[in-house]
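Report on one structure; see the data block that follows.
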Amino acid sequence: MVPEKLTFSPLSRRQIEADFSGGHITSDAGLLLLREVDNQHQLTQRLATVLDDARNPVLVRHKLQTMIRQRVFGVAAGYEDLNDHETLRADQALQTATGEAAILAGKSTLCRMEQRVDRQAVVKAHELLWHHFIEQHDAPPKEIVLDFDGTDVPVHGDQPGKFFNAYYDHHCYFPLYVFCGRHLLVNYLRTSNRSDSRHSWAILALLVKFIRQYWTNTRIVFRGDSGFYRPRLLSWCDRNNVDYLVGLSKNSRLLKEVDVPSMLVRKAHNELGEKVCATYRFQYQAHTWKHPRWVIARLEEGELGANPRFILSSRYDDGVKLYYEQYCARGDMENRIKDQQLCLFADRTSSTRWWTNQWRLLLSGFAYTLFERLRAHLKKTPFERMSASNLRLKLIKVGAVIIRNTRRIRVLMSDAYPYKDELSDLVRQLVPE
């Protein structure tokens, strides 16, 4: 059959013609990079083991591991919905990345897999993230900081556990994220009718117990904003030798404690005519505390007036160091959350089953982890600190012609691809000769 010819308006004297005889062309040739990263760390292979496959092996056409890879790689390549896989399943780059050479699973098969997820699978998947975190260290670190934070995921249908949150002004879920540096440890789905700290105590206790099985002498620091200030949680940290750096909401007693230093900061602002900041460290004991704790006040005076902030610390140290170098560093965690929410579709919680929505949150987390493992090979390059969406655009969304036969699969990329040198270096790192 002769392919249909399409004719466009000419360019100067040249006729512009097109047809559909170019063979198989993909826009996602860079998925082969993630395939090599995944082969190194066995992330999707281990994730597949947390699900029980109740299907009759004789009738199985699509293996569980292949479907897990298909979903994680699909999210990494920018395909958020199961409906995308109705056409994506025929993409030869995705097929090759998942280890197959035939049509992949469709949306119905993938949906049935996700609906079989239960609480036990979610717990095991988190444990897999924790084991992977331990594996990335050659030796126990002297100190690790566990960053806790929550965020909103809007819901628009009849999802279970849907509540209206007055702070965010919409119906939403309120997942809890825990990071250690760039390592994702927890993305736990919660309803939005409770406080920021809901379940954080239990999760912190589980994490500390797990980490100390491997790193008995590592100092563990719990860090969070004022939403995670809970006297019982801090008392547990004191009893279990866990340090903390937590925000503290201002009140009349705290403001009275800093009357004098605030006056000095205000005086300096009036004399200099510009914003002035200072820190003031003091011991403070609330009525519910059994003993005093260190409080660091960040005192700021500017055109808009005073703007004091307070944090609690379990250790005695310089106020500037505790506030600006250690507490404010938690702001970088928000970029990690944005990577998942905005780039990797962690907000795609549209199922009418709770554990399916939690599973989709985890799929986003594993796609994020694959990008972080890829980033480990990008040190001292322009890609090192790029967001997940930028890495996808420059290294994953690579157009190529794919030619397959019984002996080999050829992926033909454009000579004009601007990052071909960087891509070549990556392949040499990931697939040593």
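Quick note on naming: the chains in the structure tokens go A, B, ... in the order shown, residues restart at 1 in each chain, and ligands are numbered from 1 in order of appearance.
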For the helix (DSSP H, G or I) assignment from backbone DSSP, which residues of stretch 21-64 of chain A qualify? Please present them as a ChimeraX atom specification. /A:31-41,43-48,57-59,64
Name the residues in contact with stretch 214-220 of chain A at a cut-off of 7 Å, using only C-alpha atoms, excluding same-chain residues fewer than 3 positions from it; report them as an NGL selection string. :A and (140-145 or 211 or 242-243)
Taking the DSSP secondary structure from the backbone, can you list the residues of stretch 171-242 of chain A that are strand (DSSP E or B), as a PDB file with C-alpha atoms, in the first residue's frame?
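Written file, selection_23.pdb:
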```pdb
ATOM      1  CA  HIS A 171     -11.151  19.231  49.224  1.00  0.00           C
ATOM      2  CA  CYS A 172      -7.848  17.410  49.368  1.00  0.00           C
ATOM      3  CA  TYR A 173      -5.633  14.676  50.734  1.00  0.00           C
ATOM      4  CA  LEU A 176       3.216  13.162  54.651  1.00  0.00           C
ATOM      5  CA  TYR A 177       6.674  13.232  53.076  1.00  0.00           C
ATOM      6  CA  VAL A 178       9.926  12.275  54.791  1.00  0.00           C
ATOM      7  CA  PHE A 179      13.294  12.934  53.163  1.00  0.00           C
ATOM      8  CA  CYS A 180      16.887  12.523  54.238  1.00  0.00           C
ATOM      9  CA  HIS A 183      16.555  10.490  49.513  1.00  0.00           C
ATOM     10  CA  LEU A 184      12.815   9.844  49.666  1.00  0.00           C
ATOM     11  CA  LEU A 185      11.897   7.664  52.657  1.00  0.00           C
ATOM     12  CA  VAL A 186       8.149   8.117  53.075  1.00  0.00           C
ATOM     13  CA  ASN A 187       5.240   9.399  51.009  1.00  0.00           C
ATOM     14  CA  TYR A 188       2.271   8.421  53.106  1.00  0.00           C
ATOM     15  CA  THR A 191      -6.832  12.570  55.010  1.00  0.00           C
ATOM     16  CA  ARG A 219      23.128  10.671  65.208  1.00  0.00           C
ATOM     17  CA  ILE A 220      19.515  11.131  64.052  1.00  0.00           C
ATOM     18  CA  VAL A 221      17.912  14.587  63.871  1.00  0.00           C
ATOM     19  CA  PHE A 222      14.150  15.101  63.484  1.00  0.00           C
ATOM     20  CA  ARG A 223      13.369  18.366  61.646  1.00  0.00           C
ATOM     21  CA  GLY A 224      10.016  19.940  60.896  1.00  0.00           C
TER      22      GLY A 224
END
```
Looking at A:Ile68, A:Val58, A:Leu362, A:Ala29, which one is nearest to A:Ala346, with distances taken over only C-alpha atoms? A:Leu362
Please identify all polymer residues within 8 Å of stretch 196-205 of chain A, counting only C-alpha atoms, omitting same-chain residues fewer than 3 positions from it, and present them as a list in words.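 Residues near the query, excluding close chain neighbours: Phe148, Asp149, Gly150, Leu176, Val208, Lys209, Gly227, Phe228, Tyr229, Arg230 and Leu233 of chain A.
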Contacts of A:Gly319 within 12 Å, only C-alpha atoms, excl. fewer than 5 positions in-chain, as a ChimeraX atom specification: /A:245,277-282,294-299,310-313,324-327
Nearest residue to A:Ala90 out of A:His24, A:His62, A:His137, A:Lys379, using only C-alpha atoms?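 So, comparing all the options, the nearest one is A:His24.
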Just want the 12 Å neighbourhood of stretch 107-110 of chain A, counted on only C-alpha atoms, with same-chain residues fewer than 5 positions away dropped. Output as a PyMOL selection string. chain A and resi 55+60-72+74+80-89+115-117+356+360
Do you know which residues are at most 9 Å from stretch 332-341 of chain A counting only C-alpha atoms, after dropping those on the same chain fewer than 2 positions away, and could you put them as a list in words?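 The residues that qualify are Asp147, Phe148, Asp149, Thr151, Val153, Tyr177, Val178, Phe179, Cys180, Gly181, Arg182, Leu184, Cys328, Ala329, Arg330, Cys343, Leu344, Phe345, Ala346, Asp347, Arg348, Leu361, Ser364, Gly365, Ala367, Tyr368, Ser387, Ala388 and Ser389 of chain A.
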Just want the 12 Å neighbourhood of A:Glu422, counted on only C-alpha atoms, with same-chain residues fewer than 3 positions away dropped. Output as a list in words. Leu33, His377, Leu378, Lys379, Lys380, Thr381, Pro382, Phe383, Glu384, Lys394, Leu395, Tyr417, Pro418, Tyr419, Asp425, Leu426, Val427, Arg428 and Gln429 of chain A
Given only C-alpha atoms as the counted atoms, nearest of A:Leu342, A:Leu393, A:Ala166, A:Val398 to A:Ala93: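 For A:Ala93, the nearest of the given residues is A:Val398.
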I'd like to know which of A:Arg404, A:Ser314, A:Arg14, A:Arg46 is closest to A:His126, using only C-alpha atoms. A:Arg46
Just checking: using only C-alpha atoms, which residue out of A:Lys321, A:His131, A:Arg375, A:Arg410 ends up closest to A:Arg392?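 Of A:Lys321, A:His131, A:Arg375, A:Arg410, the one nearest A:Arg392, counting only C-alpha atoms, is A:Arg375.
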